[in-house]
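K.L.:
Next comes input.cif, mmCIF, N, CA and C atoms:
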```cif
data_work
loop_
_atom_site.label_atom_id
_atom_site.label_comp_id
_atom_site.auth_asym_id
_atom_site.auth_seq_id
_atom_site.Cartn_x
_atom_site.Cartn_y
_atom_site.Cartn_z
N MET A 132 8.89 -38.73 13.88
CA MET A 132 8.83 -38.58 12.44
C MET A 132 7.40 -38.87 11.97
N GLU A 133 6.90 -38.01 11.12
CA GLU A 133 5.54 -38.16 10.61
C GLU A 133 5.48 -39.25 9.55
N GLU A 134 4.44 -40.06 9.63
CA GLU A 134 4.25 -41.12 8.64
C GLU A 134 3.86 -40.53 7.30
N GLU A 135 4.46 -41.04 6.24
CA GLU A 135 4.05 -40.65 4.90
C GLU A 135 3.40 -41.86 4.25
N LYS A 136 2.17 -41.71 3.86
CA LYS A 136 1.44 -42.81 3.22
C LYS A 136 1.17 -42.45 1.77
N ILE A 137 1.25 -43.48 0.94
CA ILE A 137 0.93 -43.34 -0.47
C ILE A 137 0.06 -44.51 -0.88
N THR A 138 -0.58 -44.39 -2.01
CA THR A 138 -1.38 -45.50 -2.54
C THR A 138 -0.65 -46.08 -3.73
N ILE A 139 -0.46 -47.40 -3.68
CA ILE A 139 0.10 -48.13 -4.82
C ILE A 139 -1.00 -49.05 -5.34
N TYR A 140 -0.77 -49.60 -6.50
CA TYR A 140 -1.76 -50.52 -7.08
C TYR A 140 -1.12 -51.88 -7.30
N GLU A 141 -1.77 -52.90 -6.77
CA GLU A 141 -1.35 -54.28 -6.96
C GLU A 141 -2.49 -55.02 -7.64
N ASN A 142 -2.20 -55.56 -8.80
CA ASN A 142 -3.23 -56.26 -9.57
C ASN A 142 -4.46 -55.39 -9.78
N GLY A 143 -4.22 -54.10 -10.00
CA GLY A 143 -5.30 -53.16 -10.26
C GLY A 143 -6.03 -52.66 -9.03
N GLN A 144 -5.66 -53.17 -7.86
CA GLN A 144 -6.33 -52.79 -6.62
C GLN A 144 -5.48 -51.79 -5.82
N PRO A 145 -6.10 -50.72 -5.29
CA PRO A 145 -5.34 -49.76 -4.50
C PRO A 145 -4.95 -50.33 -3.13
N VAL A 146 -3.71 -50.06 -2.73
CA VAL A 146 -3.20 -50.49 -1.43
C VAL A 146 -2.47 -49.30 -0.81
N GLU A 147 -2.88 -48.90 0.39
CA GLU A 147 -2.20 -47.81 1.06
C GLU A 147 -0.99 -48.37 1.80
N VAL A 148 0.17 -47.75 1.58
CA VAL A 148 1.40 -48.20 2.20
C VAL A 148 2.08 -47.04 2.93
N GLU A 149 2.90 -47.36 3.91
CA GLU A 149 3.68 -46.36 4.62
C GLU A 149 5.09 -46.33 4.04
N VAL A 150 5.53 -45.16 3.62
CA VAL A 150 6.87 -44.98 3.09
C VAL A 150 7.85 -44.89 4.26
N LEU A 151 8.83 -45.78 4.27
CA LEU A 151 9.84 -45.76 5.32
C LEU A 151 11.08 -44.99 4.90
N ASP A 152 11.42 -45.07 3.61
CA ASP A 152 12.61 -44.38 3.12
C ASP A 152 12.57 -44.35 1.59
N ILE A 153 13.11 -43.29 1.04
CA ILE A 153 13.39 -43.20 -0.40
C ILE A 153 14.87 -42.90 -0.48
N PHE A 154 15.60 -43.69 -1.28
CA PHE A 154 17.05 -43.57 -1.26
C PHE A 154 17.66 -43.89 -2.61
N LYS A 155 18.93 -43.57 -2.74
CA LYS A 155 19.74 -43.91 -3.91
C LYS A 155 20.85 -44.83 -3.44
N LEU A 156 21.38 -45.61 -4.35
CA LEU A 156 22.53 -46.45 -4.07
C LEU A 156 23.72 -45.93 -4.86
N GLU A 157 24.87 -45.87 -4.23
CA GLU A 157 26.08 -45.37 -4.88
C GLU A 157 26.38 -46.13 -6.17
N GLN A 158 26.16 -47.45 -6.14
CA GLN A 158 26.46 -48.28 -7.30
C GLN A 158 25.49 -48.08 -8.47
N TYR A 159 24.30 -47.53 -8.18
CA TYR A 159 23.26 -47.34 -9.20
C TYR A 159 22.71 -45.91 -9.10
N PRO A 160 23.54 -44.92 -9.43
CA PRO A 160 23.16 -43.52 -9.19
C PRO A 160 21.99 -43.01 -10.03
N ASP A 161 21.63 -43.71 -11.08
CA ASP A 161 20.53 -43.25 -11.93
C ASP A 161 19.17 -43.80 -11.49
N LYS A 162 19.14 -44.53 -10.37
CA LYS A 162 17.89 -45.14 -9.92
C LYS A 162 17.53 -44.62 -8.53
N ASP A 163 16.21 -44.58 -8.27
CA ASP A 163 15.69 -44.25 -6.96
C ASP A 163 14.99 -45.50 -6.42
N TYR A 164 15.08 -45.67 -5.10
CA TYR A 164 14.49 -46.84 -4.45
C TYR A 164 13.54 -46.39 -3.36
N ILE A 165 12.54 -47.22 -3.08
CA ILE A 165 11.60 -46.93 -2.01
C ILE A 165 11.51 -48.15 -1.09
N LEU A 166 11.53 -47.88 0.20
CA LEU A 166 11.34 -48.90 1.22
C LEU A 166 10.00 -48.60 1.87
N TYR A 167 9.11 -49.58 1.89
CA TYR A 167 7.76 -49.32 2.40
C TYR A 167 7.20 -50.55 3.10
N THR A 168 6.10 -50.33 3.82
CA THR A 168 5.42 -51.42 4.51
C THR A 168 3.92 -51.31 4.28
N LYS A 169 3.28 -52.46 4.32
CA LYS A 169 1.82 -52.50 4.20
C LYS A 169 1.17 -52.72 5.56
N GLY A 170 2.00 -52.73 6.62
CA GLY A 170 1.48 -52.95 7.97
C GLY A 170 1.35 -54.42 8.33
N GLU A 171 1.91 -55.30 7.51
CA GLU A 171 1.84 -56.75 7.76
C GLU A 171 2.97 -57.15 8.71
N THR A 172 2.69 -58.12 9.57
CA THR A 172 3.74 -58.65 10.44
C THR A 172 3.77 -60.17 10.35
N ASP A 173 4.91 -60.72 10.71
CA ASP A 173 5.02 -62.18 10.77
C ASP A 173 4.90 -62.64 12.22
N GLY A 174 4.30 -61.81 13.06
CA GLY A 174 4.16 -62.12 14.47
C GLY A 174 5.12 -61.31 15.32
N GLU A 175 6.34 -61.12 14.81
CA GLU A 175 7.35 -60.38 15.56
C GLU A 175 7.84 -59.14 14.81
N TYR A 176 8.05 -59.28 13.51
CA TYR A 176 8.61 -58.19 12.71
C TYR A 176 7.62 -57.73 11.65
N GLU A 177 7.70 -56.43 11.34
CA GLU A 177 6.88 -55.89 10.27
C GLU A 177 7.52 -56.21 8.93
N THR A 178 6.73 -56.66 7.98
CA THR A 178 7.23 -56.99 6.65
C THR A 178 7.48 -55.70 5.88
N THR A 179 8.68 -55.58 5.29
CA THR A 179 9.01 -54.40 4.50
C THR A 179 9.28 -54.83 3.06
N TYR A 180 9.08 -53.89 2.15
CA TYR A 180 9.27 -54.12 0.72
C TYR A 180 10.19 -53.05 0.18
N CYS A 181 10.99 -53.42 -0.81
CA CYS A 181 11.88 -52.47 -1.46
C CYS A 181 11.70 -52.61 -2.97
N SER A 182 11.51 -51.48 -3.63
CA SER A 182 11.29 -51.48 -5.07
C SER A 182 12.06 -50.34 -5.71
N THR A 183 12.21 -50.43 -7.01
CA THR A 183 12.78 -49.35 -7.79
C THR A 183 11.64 -48.42 -8.21
N ILE A 184 11.89 -47.12 -8.15
CA ILE A 184 10.90 -46.14 -8.58
C ILE A 184 11.20 -45.78 -10.03
N VAL A 185 10.24 -46.01 -10.90
CA VAL A 185 10.39 -45.67 -12.31
C VAL A 185 9.39 -44.57 -12.62
N ASP A 186 9.90 -43.41 -13.03
CA ASP A 186 9.04 -42.25 -13.31
C ASP A 186 8.79 -42.19 -14.81
N ASN A 187 7.66 -42.75 -15.24
CA ASN A 187 7.24 -42.65 -16.64
C ASN A 187 6.61 -41.28 -16.85
N GLU A 188 6.33 -40.92 -18.05
CA GLU A 188 5.73 -39.62 -18.32
C GLU A 188 4.37 -39.46 -17.65
N ASP A 189 3.56 -40.49 -17.66
CA ASP A 189 2.19 -40.39 -17.16
C ASP A 189 2.02 -40.84 -15.71
N GLU A 190 2.95 -41.66 -15.20
CA GLU A 190 2.77 -42.22 -13.87
C GLU A 190 4.10 -42.66 -13.27
N VAL A 191 4.08 -42.84 -11.96
CA VAL A 191 5.23 -43.39 -11.25
C VAL A 191 4.93 -44.85 -10.97
N VAL A 192 5.87 -45.73 -11.32
CA VAL A 192 5.66 -47.16 -11.18
C VAL A 192 6.75 -47.74 -10.27
N LEU A 193 6.35 -48.65 -9.38
CA LEU A 193 7.31 -49.37 -8.56
C LEU A 193 7.58 -50.71 -9.23
N THR A 194 8.86 -51.04 -9.39
CA THR A 194 9.22 -52.30 -10.04
C THR A 194 10.10 -53.12 -9.10
N ALA A 195 10.02 -54.41 -9.25
CA ALA A 195 10.83 -55.32 -8.44
C ALA A 195 12.30 -55.20 -8.82
N ILE A 196 13.15 -55.41 -7.84
CA ILE A 196 14.59 -55.43 -8.09
C ILE A 196 14.94 -56.88 -8.44
N GLU A 197 15.27 -57.12 -9.69
CA GLU A 197 15.50 -58.48 -10.16
C GLU A 197 16.97 -58.86 -10.24
N ASP A 198 17.86 -57.88 -10.37
CA ASP A 198 19.29 -58.16 -10.45
C ASP A 198 19.81 -58.50 -9.04
N GLU A 199 20.47 -59.65 -8.89
CA GLU A 199 20.92 -60.10 -7.58
C GLU A 199 21.92 -59.14 -6.93
N GLU A 200 22.85 -58.58 -7.71
CA GLU A 200 23.82 -57.64 -7.14
C GLU A 200 23.14 -56.36 -6.68
N GLU A 201 22.19 -55.88 -7.46
CA GLU A 201 21.45 -54.68 -7.09
C GLU A 201 20.60 -54.93 -5.83
N LEU A 202 19.97 -56.09 -5.75
CA LEU A 202 19.18 -56.45 -4.58
C LEU A 202 20.06 -56.53 -3.34
N LYS A 203 21.24 -57.13 -3.48
CA LYS A 203 22.17 -57.22 -2.36
C LYS A 203 22.60 -55.84 -1.90
N ALA A 204 22.87 -54.92 -2.83
CA ALA A 204 23.25 -53.55 -2.48
C ALA A 204 22.12 -52.86 -1.73
N ALA A 205 20.88 -53.06 -2.16
CA ALA A 205 19.73 -52.47 -1.47
C ALA A 205 19.58 -53.05 -0.07
N GLN A 206 19.74 -54.36 0.06
CA GLN A 206 19.66 -55.00 1.38
C GLN A 206 20.76 -54.49 2.31
N ASP A 207 21.97 -54.34 1.79
CA ASP A 207 23.06 -53.82 2.60
C ASP A 207 22.74 -52.42 3.11
N TYR A 208 22.17 -51.59 2.24
CA TYR A 208 21.79 -50.24 2.65
C TYR A 208 20.74 -50.30 3.76
N ILE A 209 19.73 -51.11 3.57
CA ILE A 209 18.65 -51.22 4.56
C ILE A 209 19.18 -51.70 5.90
N TYR A 210 20.06 -52.72 5.89
CA TYR A 210 20.63 -53.21 7.13
C TYR A 210 21.50 -52.15 7.81
N SER A 211 22.22 -51.36 7.04
CA SER A 211 23.06 -50.32 7.62
C SER A 211 22.21 -49.25 8.30
N VAL A 212 21.10 -48.89 7.68
CA VAL A 212 20.19 -47.91 8.28
C VAL A 212 19.57 -48.48 9.54
N ALA A 213 19.18 -49.74 9.51
CA ALA A 213 18.58 -50.39 10.69
C ALA A 213 19.58 -50.41 11.84
N GLU A 214 20.85 -50.68 11.55
CA GLU A 214 21.88 -50.68 12.59
C GLU A 214 22.04 -49.30 13.20
N GLU A 215 22.05 -48.27 12.34
CA GLU A 215 22.22 -46.89 12.80
C GLU A 215 21.07 -46.44 13.69
N THR A 216 19.87 -46.88 13.39
CA THR A 216 18.69 -46.45 14.15
C THR A 216 18.32 -47.42 15.26
N GLY A 217 18.99 -48.57 15.30
CA GLY A 217 18.68 -49.55 16.33
C GLY A 217 17.41 -50.33 16.06
N ASP A 218 16.96 -50.37 14.81
CA ASP A 218 15.71 -51.06 14.45
C ASP A 218 15.95 -52.46 13.90
N GLU A 219 16.98 -53.12 14.32
CA GLU A 219 17.28 -54.44 13.77
C GLU A 219 16.24 -55.45 14.16
#
```
Translate this structure into structure tokens?

P.N.:
Amino acid sequence: MEEEKITIYENGQPVEVEVLDIFKLEQYPDKDYILYTKGETDGEYETTYCSTIVDNEDEVVLTAIEDEEELKAAQDYIYSVAEETGDE
């Protein structure tokens, strides 16, 4: 699978990230989510991030998932994909 990289901005600074997945959750059909990595590791595992994609008129913005139930649903999705691909 070919890597897809995009540039996001953190505190006004550009950061290139690798997109791992863009997905929807059944419980939140009006939202899109992105799973990405900055290439950081904790020694053994690569750190991944999950955000909500908000498409404003002028720009696309990634926002944190703050609702605990929504975050749990996103984590469940990510774990299910990891199990299917053997990337646990």

K.L.:
Work out how far atom C of Val212 (chain A) is from atom N of Asn187 (chain A), in Å to one decimal.

P.N.:
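Between atom N of Asn187 (chain A) and atom C of Val212 (chain A) the gap works out to 28.1 Å.
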
K.L.:
Which residues match the PyMOL selection byres (((chain A and resi 146 and name CA) around 12) and name CA) in the file above, as a list in words?

P.N.:
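Against this file, the PyMOL selection byres (((chain A and resi 146 and name CA) around 12) and name CA) returns the residues Lys136, Ile137, Thr138, Ile139, Tyr140, Glu141, Asn142, Gly143, Gln144, Pro145, Glu147, Val148, Glu149, Tyr167, Thr168, Lys169 and Gly170 of chain A.
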
K.L.:
Please indicate the distance in Å from CA of Gln158 (chain A) to CA of Thr179 (chain A), rounded to one decimal place.

P.N.:
21.9 Å

K.L.:
Enumerate the residues of region 156-192 of chain A with a DSSP assignment of strand (DSSP E), computed from the backbone, and present them as a CSV table (one decimal) with N, CA and C atoms, in the frame of the given file.

P.N.:
```
chain,number,residue,atom,x,y,z
A,156,LEU,N,21.4,-45.6,-4.4
A,156,LEU,CA,22.5,-46.4,-4.1
A,156,LEU,C,23.7,-45.9,-4.9
A,159,TYR,N,24.3,-47.5,-8.2
A,159,TYR,CA,23.3,-47.3,-9.2
A,159,TYR,C,22.7,-45.9,-9.1
A,160,PRO,N,23.5,-44.9,-9.4
A,160,PRO,CA,23.2,-43.5,-9.2
A,160,PRO,C,22.0,-43.0,-10.0
A,161,ASP,N,21.6,-43.7,-11.1
A,161,ASP,CA,20.5,-43.2,-11.9
A,161,ASP,C,19.2,-43.8,-11.5
A,162,LYS,N,19.1,-44.5,-10.4
A,162,LYS,CA,17.9,-45.1,-9.9
A,162,LYS,C,17.5,-44.6,-8.5
A,163,ASP,N,16.2,-44.6,-8.3
A,163,ASP,CA,15.7,-44.2,-7.0
A,163,ASP,C,15.0,-45.5,-6.4
A,164,TYR,N,15.1,-45.7,-5.1
A,164,TYR,CA,14.5,-46.8,-4.4
A,164,TYR,C,13.5,-46.4,-3.4
A,165,ILE,N,12.5,-47.2,-3.1
A,165,ILE,CA,11.6,-46.9,-2.0
A,165,ILE,C,11.5,-48.2,-1.1
A,166,LEU,N,11.5,-47.9,0.2
A,166,LEU,CA,11.3,-48.9,1.2
A,166,LEU,C,10.0,-48.6,1.9
A,167,TYR,N,9.1,-49.6,1.9
A,167,TYR,CA,7.8,-49.3,2.4
A,167,TYR,C,7.2,-50.6,3.1
A,168,THR,N,6.1,-50.3,3.8
A,168,THR,CA,5.4,-51.4,4.5
A,168,THR,C,3.9,-51.3,4.3
A,169,LYS,N,3.3,-52.5,4.3
A,169,LYS,CA,1.8,-52.5,4.2
A,169,LYS,C,1.2,-52.7,5.6
A,170,GLY,N,2.0,-52.7,6.6
A,170,GLY,CA,1.5,-53.0,8.0
A,170,GLY,C,1.4,-54.4,8.3
A,171,GLU,N,1.9,-55.3,7.5
A,171,GLU,CA,1.8,-56.8,7.8
A,171,GLU,C,3.0,-57.2,8.7
A,172,THR,N,2.7,-58.1,9.6
A,172,THR,CA,3.7,-58.6,10.4
A,172,THR,C,3.8,-60.2,10.4
A,177,GLU,N,7.7,-56.4,11.3
A,177,GLU,CA,6.9,-55.9,10.3
A,177,GLU,C,7.5,-56.2,8.9
A,178,THR,N,6.7,-56.7,8.0
A,178,THR,CA,7.2,-57.0,6.6
A,178,THR,C,7.5,-55.7,5.9
A,179,THR,N,8.7,-55.6,5.3
A,179,THR,CA,9.0,-54.4,4.5
A,179,THR,C,9.3,-54.8,3.1
A,180,TYR,N,9.1,-53.9,2.2
A,180,TYR,CA,9.3,-54.1,0.7
A,180,TYR,C,10.2,-53.0,0.2
A,181,CYS,N,11.0,-53.4,-0.8
A,181,CYS,CA,11.9,-52.5,-1.5
A,181,CYS,C,11.7,-52.6,-3.0
A,182,SER,N,11.5,-51.5,-3.6
A,182,SER,CA,11.3,-51.5,-5.1
A,182,SER,C,12.1,-50.3,-5.7
A,183,THR,N,12.2,-50.4,-7.0
A,183,THR,CA,12.8,-49.4,-7.8
A,183,THR,C,11.6,-48.4,-8.2
A,184,ILE,N,11.9,-47.1,-8.2
A,184,ILE,CA,10.9,-46.1,-8.6
A,184,ILE,C,11.2,-45.8,-10.0
A,185,VAL,N,10.2,-46.0,-10.9
A,185,VAL,CA,10.4,-45.7,-12.3
A,185,VAL,C,9.4,-44.6,-12.6
A,186,ASP,N,9.9,-43.4,-13.0
A,186,ASP,CA,9.0,-42.2,-13.3
A,186,ASP,C,8.8,-42.2,-14.8
A,191,VAL,N,4.1,-42.8,-12.0
A,191,VAL,CA,5.2,-43.4,-11.2
A,191,VAL,C,4.9,-44.8,-11.0
A,192,VAL,N,5.9,-45.7,-11.3
A,192,VAL,CA,5.7,-47.2,-11.2
A,192,VAL,C,6.8,-47.7,-10.3
```

K.L.:
Can you list, as a PyMOL selection string, all residues belonging to chain A that DSSP tags as helix (DSSP H, G or I)?

P.N.:
chain A and resi 199-216

K.L.:
What separation in Å, quoted to one decimal, exists between atom C of Asp161 (chain A) and atom C of Glu177 (chain A)?

P.N.:
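Straight-line distance from atom C of Asp161 (chain A) to atom C of Glu177 (chain A) works out to 26.6 Å.
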